[in-house]
Amino acid sequence: MTRVHEAGAADPDAAPTLLVKIFGRDRPGLTAGLLRTLAGFGVDLVDLEQVVTRGRITLCALVTSPAKATGSEGELRATVHTWAEAVGLQAEIISGTGDNPARGVGRSHVTVLGSPLTAEATAAIAARITAAGGNIDRINRLAKYPVTAVEFDVSGVPTETLRTELATEAAARAVDVAVVASGLQRRAPRLVVMDVDSTLIQDEVIELFAAHAGCEEQVAAVTAAAMRGELDFEESLHARVALLAGLDASVVDKVRAEVRLTPGARTLIRTLKRLGCRVGVVSGGFTQVTDALRDHLGLDFAAANTLEIVDGRLTGRVTGPIVDRPAKARLLRGFAASAGVPLSRTVAIGDGANDLDMLNAAGLGVAFNAKPMVREAAHTAVSVPFLDTVLYLLGITREEVEAADAQG
């Protein structure tokens, strides 16, 4: 019996349809050629999908059965095969009913990053998705360099459940995996907040100052312990800054000149700004450096500690409120409120224990080349030394980045 909707029309899911698939070497005009061939039989297009990989095309058209006045299904099959053979392709036509089944609830985007991305690791991620009750509806490559990034559209399992399942598998397979909820909000403007030391830049600023004071090793040891979460940050900050007492203030300009941006930092910020995102930094470092970075990179805001300078020399103290672990999260919330962006639309990026509250408060917390305890606690982790790979976690492809750069 034909199912009927309330409006009285036959259920389209019960109507006969044909899946027309062609594959072979790609060339211009194949999509138009297939559709013109099908148009001669008066069919309606239900679905259309095309993939080109290394110059080989797979093109699928789901169409209604031909109208009686324009020919039979057998004639359509023969005509399509003849056309495909003439252009050097193979064709497959499968009879059935309706369209694809509706996607399950709980829709997510799963981004997998690797350098290289092995078949073994990807297979393990796909298997874990299935074991969690998810279905992979579509796969798309986001980037081929400087890392390989592929994105799975998954349905049938809640995002948080999938994130937990895949975090374990990602750690075991040494790949980076990010799981974010699907929906319109994914492409809406965001607020992105970054740590500075060992995130936006490759350096630890206090160690650059310490090198000029001749106490670099002492400061580096305290910094490492603090970032591992072994020391209270405020206490360690005061202890390290005290070692800088007496330095001439001219060292500030020298340190600014020594700072090295992380590869991909400019690309990340430039692309985010083009998308209408607000971008800023919060740092346990010093305003003497972060303010210069803000101005140089066109950031929307910057917050950090301030080294006290009296009579042209560093006093070994900081002034004003300390930007520590809780303060970073408070600043994230404050910046979000002032920008009118809900926390669910915020992204935080950091590497140390001092960033954990901020990473957990954000809608998406990204541990960037982080300490083990930070990787385990964050929503996702990136372990390659390119900051712009964070764009792939937001569904932005390398081709889109390059096209935007070409347009200026």
# chains A, B, ... in the order shown; residues from 1 in each chain; ligands from 1
$ select_by_dssp --residues "stretch 11-97 of chain A" --states "strand (DSSP E)" --output "CSV table (one decimal) with N, CA, C and O atoms, in the first residue's frame"
chain,number,residue,atom,x,y,z
A,16,PRO,N,9.6,5.0,-6.4
A,16,PRO,CA,10.8,4.4,-7.1
A,16,PRO,C,11.8,5.4,-7.5
A,16,PRO,O,11.5,6.5,-8.0
A,17,THR,N,13.1,5.1,-7.3
A,17,THR,CA,14.2,5.9,-7.7
A,17,THR,C,15.3,5.1,-8.3
A,17,THR,O,15.4,3.9,-8.1
A,18,LEU,N,16.2,5.8,-9.0
A,18,LEU,CA,17.3,5.1,-9.6
A,18,LEU,C,18.6,5.8,-9.1
A,18,LEU,O,18.7,7.1,-9.1
A,19,LEU,N,19.5,5.0,-8.7
A,19,LEU,CA,20.9,5.6,-8.3
A,19,LEU,C,21.8,5.4,-9.5
A,19,LEU,O,22.1,4.2,-9.9
A,20,VAL,N,22.2,6.5,-10.1
A,20,VAL,CA,23.0,6.4,-11.3
A,20,VAL,C,24.4,6.8,-10.9
A,20,VAL,O,24.7,7.9,-10.4
A,21,LYS,N,25.4,5.9,-11.1
A,21,LYS,CA,26.8,6.1,-10.6
A,21,LYS,C,27.7,6.0,-11.8
A,21,LYS,O,27.6,5.0,-12.5
A,22,ILE,N,28.6,7.0,-12.0
A,22,ILE,CA,29.6,6.9,-13.0
A,22,ILE,C,30.9,7.1,-12.4
A,22,ILE,O,31.1,7.9,-11.4
A,23,PHE,N,32.0,6.5,-12.9
A,23,PHE,CA,33.3,6.7,-12.4
A,23,PHE,C,34.3,6.4,-13.4
A,23,PHE,O,34.1,5.7,-14.4
A,24,GLY,N,35.5,7.1,-13.3
A,24,GLY,CA,36.6,7.0,-14.2
A,24,GLY,C,37.4,8.2,-14.2
A,24,GLY,O,37.4,9.0,-13.2
A,25,ARG,N,38.2,8.5,-15.2
A,25,ARG,CA,39.1,9.6,-15.3
A,25,ARG,C,38.2,10.9,-15.4
A,25,ARG,O,37.4,11.0,-16.3
A,45,LEU,N,15.7,15.3,-10.1
A,45,LEU,CA,16.9,15.1,-9.4
A,45,LEU,C,16.5,15.1,-7.9
A,45,LEU,O,16.0,16.0,-7.4
A,46,VAL,N,16.9,14.0,-7.2
A,46,VAL,CA,16.6,13.8,-5.8
A,46,VAL,C,17.9,14.1,-5.0
A,46,VAL,O,17.9,14.8,-3.9
A,47,ASP,N,19.0,13.7,-5.5
A,47,ASP,CA,20.3,13.9,-4.8
A,47,ASP,C,21.4,13.9,-5.8
A,47,ASP,O,21.3,13.2,-6.9
A,48,LEU,N,22.5,14.6,-5.5
A,48,LEU,CA,23.7,14.6,-6.4
A,48,LEU,C,24.9,14.8,-5.6
A,48,LEU,O,25.0,15.6,-4.7
A,49,GLU,N,25.9,13.9,-5.8
A,49,GLU,CA,27.2,14.0,-5.1
A,49,GLU,C,28.3,13.6,-5.9
A,49,GLU,O,28.2,12.7,-6.7
A,50,GLN,N,29.4,14.3,-5.8
A,50,GLN,CA,30.6,14.1,-6.7
A,50,GLN,C,31.9,14.2,-5.8
A,50,GLN,O,32.0,15.0,-5.0
A,51,VAL,N,32.8,13.3,-6.1
A,51,VAL,CA,34.1,13.3,-5.4
A,51,VAL,C,35.2,13.1,-6.5
A,51,VAL,O,35.0,12.2,-7.4
A,52,VAL,N,36.2,13.9,-6.5
A,52,VAL,CA,37.4,13.7,-7.4
A,52,VAL,C,38.6,13.4,-6.5
A,52,VAL,O,39.0,14.2,-5.7
A,53,THR,N,39.2,12.3,-6.7
A,53,THR,CA,40.4,11.9,-6.0
A,53,THR,C,41.5,11.5,-7.0
A,53,THR,O,41.3,10.6,-7.8
A,56,ARG,N,40.4,11.0,-10.5
A,56,ARG,CA,39.4,10.0,-10.8
A,56,ARG,C,38.1,10.5,-10.2
A,56,ARG,O,38.0,10.9,-9.0
A,57,ILE,N,37.0,10.5,-11.0
A,57,ILE,CA,35.8,11.0,-10.5
A,57,ILE,C,34.8,9.9,-10.2
A,57,ILE,O,34.8,8.8,-10.8
A,58,THR,N,34.0,10.1,-9.1
A,58,THR,CA,32.9,9.3,-8.8
A,58,THR,C,31.7,10.2,-8.7
A,58,THR,O,31.7,11.1,-7.8
A,59,LEU,N,30.7,10.1,-9.5
A,59,LEU,CA,29.6,11.0,-9.6
A,59,LEU,C,28.3,10.1,-9.4
A,59,LEU,O,28.1,9.2,-10.2
A,60,CYS,N,27.5,10.5,-8.4
A,60,CYS,CA,26.3,9.8,-8.2
A,60,CYS,C,25.1,10.7,-8.3
A,60,CYS,O,25.1,11.8,-7.7
A,61,ALA,N,24.1,10.3,-9.0
A,61,ALA,CA,22.8,11.1,-9.2
A,61,ALA,C,21.7,10.1,-8.8
A,61,ALA,O,21.5,9.1,-9.4
A,62,LEU,N,20.9,10.6,-7.8
A,62,LEU,CA,19.7,9.8,-7.4
A,62,LEU,C,18.5,10.5,-8.1
A,62,LEU,O,18.3,11.7,-7.9
A,63,VAL,N,17.8,9.8,-8.9
A,63,VAL,CA,16.7,10.4,-9.7
A,63,VAL,C,15.4,9.6,-9.6
A,63,VAL,O,15.5,8.4,-9.3
A,64,THR,N,14.3,10.3,-9.9
A,64,THR,CA,13.0,9.5,-10.0
A,64,THR,C,13.0,8.6,-11.2
A,64,THR,O,13.8,8.8,-12.2
A,89,LEU,N,34.0,6.3,-19.4
A,89,LEU,CA,33.6,6.0,-18.0
A,89,LEU,C,32.9,4.7,-17.9
A,89,LEU,O,32.4,4.1,-18.9
A,90,GLN,N,32.8,4.3,-16.7
A,90,GLN,CA,32.0,3.1,-16.4
A,90,GLN,C,30.7,3.6,-15.6
A,90,GLN,O,30.7,4.7,-15.0
A,91,ALA,N,29.6,2.9,-15.8
A,91,ALA,CA,28.4,3.3,-15.2
A,91,ALA,C,27.7,2.1,-14.5
A,91,ALA,O,27.9,1.0,-14.8
A,92,GLU,N,27.0,2.5,-13.4
A,92,GLU,CA,26.3,1.5,-12.6
A,92,GLU,C,25.0,2.1,-12.2
A,92,GLU,O,24.9,3.3,-11.8
A,93,ILE,N,23.9,1.4,-12.4
A,93,ILE,CA,22.5,1.9,-12.1
A,93,ILE,C,21.8,0.9,-11.3
A,93,ILE,O,21.6,-0.2,-11.6
A,94,ILE,N,21.3,1.4,-10.1
A,94,ILE,CA,20.7,0.6,-9.1
A,94,ILE,C,19.2,1.1,-8.9
A,94,ILE,O,19.0,2.3,-8.5
A,95,SER,N,18.3,0.2,-9.0
A,95,SER,CA,16.9,0.5,-8.7
A,95,SER,C,16.6,0.4,-7.2
A,95,SER,O,17.3,-0.3,-6.5
A,96,GLY,N,15.7,1.3,-6.7
A,96,GLY,CA,15.3,1.3,-5.3
A,96,GLY,C,14.1,2.2,-5.1
A,96,GLY,O,13.4,2.5,-6.0
A,97,THR,N,14.0,2.6,-3.8
A,97,THR,CA,12.9,3.5,-3.5
A,97,THR,C,13.4,4.6,-2.6
A,97,THR,O,14.3,4.4,-1.8
$ residues_around --residues "stretch 324-335 of chain A" --least-positions-apart "6" --cutoff "10 Å" --atoms "only C-alpha atoms" --output "compact mmCIF listing (two decimals) with N, CA, C and O atoms, in the first residue's frame"
# COMPACT_ATOMS: atom_id res chain seq x y z
N LEU A 191 34.67 33.95 19.32
CA LEU A 191 35.72 34.60 20.09
C LEU A 191 36.81 33.57 20.32
O LEU A 191 36.54 32.48 20.84
N VAL A 192 38.04 33.89 19.92
CA VAL A 192 39.17 32.98 20.09
C VAL A 192 40.19 33.63 21.01
O VAL A 192 40.65 34.74 20.74
N VAL A 193 40.53 32.94 22.09
CA VAL A 193 41.46 33.45 23.08
C VAL A 193 42.64 32.50 23.18
O VAL A 193 42.45 31.29 23.35
N MET A 194 43.84 33.06 23.07
CA MET A 194 45.04 32.24 23.09
C MET A 194 45.94 32.60 24.26
O MET A 194 46.03 33.76 24.66
N ASP A 195 46.62 31.59 24.77
CA ASP A 195 47.78 31.81 25.61
C ASP A 195 48.88 32.38 24.70
O ASP A 195 48.77 32.32 23.47
N ASP A 232 52.35 26.52 42.64
CA ASP A 232 51.37 27.58 42.52
C ASP A 232 51.90 28.65 41.58
O ASP A 232 53.04 29.10 41.71
N PHE A 233 51.06 29.06 40.61
CA PHE A 233 51.56 29.96 39.58
C PHE A 233 51.97 31.31 40.15
O PHE A 233 53.04 31.84 39.82
N GLU A 234 51.14 31.89 41.01
CA GLU A 234 51.45 33.23 41.52
C GLU A 234 52.75 33.22 42.32
O GLU A 234 53.61 34.11 42.16
N LEU A 237 55.56 32.92 39.91
CA LEU A 237 55.76 34.15 39.15
C LEU A 237 56.58 35.15 39.95
O LEU A 237 57.56 35.73 39.45
N ARG A 278 36.43 37.63 16.82
CA ARG A 278 37.24 38.44 17.72
C ARG A 278 38.37 37.55 18.23
O ARG A 278 38.15 36.39 18.59
N VAL A 279 39.60 38.10 18.26
CA VAL A 279 40.76 37.31 18.62
C VAL A 279 41.60 38.08 19.63
O VAL A 279 41.85 39.28 19.46
N GLY A 280 42.02 37.40 20.69
CA GLY A 280 42.85 38.06 21.67
C GLY A 280 43.73 37.08 22.42
O GLY A 280 43.71 35.87 22.17
N VAL A 281 44.52 37.61 23.35
CA VAL A 281 45.43 36.78 24.14
C VAL A 281 45.27 37.09 25.62
O VAL A 281 44.98 38.23 26.01
N VAL A 282 45.45 36.07 26.44
CA VAL A 282 45.57 36.23 27.89
C VAL A 282 46.83 35.48 28.29
O VAL A 282 47.05 34.34 27.86
N SER A 283 47.66 36.12 29.09
CA SER A 283 48.99 35.56 29.32
C SER A 283 49.43 35.73 30.75
O SER A 283 49.16 36.75 31.39
N GLY A 284 50.15 34.72 31.24
CA GLY A 284 50.83 34.84 32.52
C GLY A 284 52.15 35.57 32.36
O GLY A 284 52.89 35.72 33.33
N GLY A 285 52.41 36.03 31.13
CA GLY A 285 53.62 36.81 30.85
C GLY A 285 53.40 38.28 31.14
O GLY A 285 52.72 38.63 32.12
N ASP A 300 42.24 41.92 19.07
CA ASP A 300 41.18 42.74 19.64
C ASP A 300 41.42 43.07 21.10
O ASP A 300 40.88 44.06 21.61
N PHE A 301 42.17 42.26 21.80
CA PHE A 301 42.42 42.52 23.21
C PHE A 301 43.64 41.72 23.66
O PHE A 301 44.05 40.74 23.02
N ALA A 302 44.22 42.14 24.77
CA ALA A 302 45.35 41.43 25.37
C ALA A 302 45.35 41.70 26.86
O ALA A 302 45.08 42.83 27.29
N ALA A 303 45.62 40.69 27.64
CA ALA A 303 45.70 40.84 29.09
C ALA A 303 46.89 40.04 29.60
O ALA A 303 47.11 38.90 29.17
N ALA A 304 47.66 40.62 30.51
CA ALA A 304 48.84 39.96 31.06
C ALA A 304 49.26 40.67 32.33
O ALA A 304 48.63 41.65 32.76
N ASN A 305 50.31 40.18 32.96
CA ASN A 305 50.91 40.84 34.11
C ASN A 305 51.79 41.99 33.64
O ASN A 305 52.21 42.02 32.48
N VAL A 341 29.32 37.39 22.70
CA VAL A 341 29.48 36.02 22.19
C VAL A 341 29.22 35.05 23.34
O VAL A 341 29.88 35.14 24.38
N PRO A 342 28.30 34.10 23.18
CA PRO A 342 28.08 33.11 24.25
C PRO A 342 29.31 32.24 24.42
O PRO A 342 30.08 32.02 23.48
N LEU A 343 29.52 31.72 25.62
CA LEU A 343 30.68 30.88 25.88
C LEU A 343 30.73 29.67 24.95
O LEU A 343 31.81 29.18 24.63
N THR A 346 32.99 30.21 22.05
CA THR A 346 34.37 30.61 22.30
C THR A 346 35.32 29.45 22.09
O THR A 346 34.97 28.28 22.29
N VAL A 347 36.54 29.79 21.70
CA VAL A 347 37.62 28.81 21.54
C VAL A 347 38.81 29.31 22.35
O VAL A 347 39.18 30.48 22.26
N ALA A 348 39.37 28.45 23.17
CA ALA A 348 40.57 28.78 23.95
C ALA A 348 41.70 27.84 23.55
O ALA A 348 41.47 26.64 23.35
N GLY A 352 49.67 25.00 28.93
CA GLY A 352 50.10 24.68 30.28
C GLY A 352 48.97 24.54 31.28
O GLY A 352 47.81 24.85 31.00
N ALA A 353 49.34 24.09 32.47
CA ALA A 353 48.35 23.93 33.54
C ALA A 353 47.66 25.25 33.85
O ALA A 353 46.49 25.27 34.25
N ASN A 354 48.37 26.34 33.64
CA ASN A 354 47.81 27.67 33.90
C ASN A 354 46.64 27.99 32.96
O ASN A 354 45.87 28.92 33.20
N ASP A 355 46.51 27.22 31.88
CA ASP A 355 45.45 27.46 30.90
C ASP A 355 44.22 26.58 31.11
O ASP A 355 43.22 26.75 30.40
N LEU A 356 44.29 25.64 32.03
CA LEU A 356 43.24 24.62 32.12
C LEU A 356 41.85 25.18 32.39
O LEU A 356 40.87 24.76 31.77
N ASP A 357 41.73 26.12 33.32
CA ASP A 357 40.40 26.67 33.61
C ASP A 357 39.83 27.36 32.39
O ASP A 357 38.63 27.26 32.10
N MET A 358 40.68 28.07 31.66
CA MET A 358 40.24 28.75 30.45
C MET A 358 39.82 27.74 29.38
O MET A 358 38.78 27.91 28.72
N LEU A 359 40.59 26.68 29.21
CA LEU A 359 40.26 25.67 28.20
C LEU A 359 38.93 24.99 28.52
O LEU A 359 38.13 24.71 27.62
N ASN A 360 38.70 24.73 29.81
CA ASN A 360 37.46 24.06 30.20
C ASN A 360 36.25 24.98 30.16
O ASN A 360 35.12 24.53 29.96
N ALA A 361 36.48 26.29 30.34
CA ALA A 361 35.37 27.25 30.30
C ALA A 361 34.89 27.52 28.88
O ALA A 361 33.73 27.85 28.66
N ALA A 362 35.78 27.37 27.91
CA ALA A 362 35.44 27.70 26.52
C ALA A 362 34.55 26.64 25.89
O ALA A 362 34.50 25.49 26.35
$ select_by_dssp --residues "stretch 51-184 of chain A" --states "alpha helix (DSSP H)" --output "MDAnalysis selection string"
chainID A and resid 73:86 119:131 159:173
$ closest_residue --among "A:Arg190, A:Lys273, A:Lys68, A:Arg345" --to "A:Gly42" --atoms "only C-alpha atoms"
A:Lys68
$ closest_residue --among "A:Leu272, A:Ala265, A:Val80, A:Ile129" --to "A:Asp388" --atoms "only C-alpha atoms"
A:Ala265
$ residues_around --residues "A:Arg260" --least-positions-apart "6" --cutoff "12 Å" --atoms "only C-alpha atoms" --output "PyMOL selection string"
chain A and resi 196-205+208+266+289+293
$ atom_distance --atom1 "atom CA of A:Thr130" --atom2 "atom CA of A:Arg107"
13.6 Å
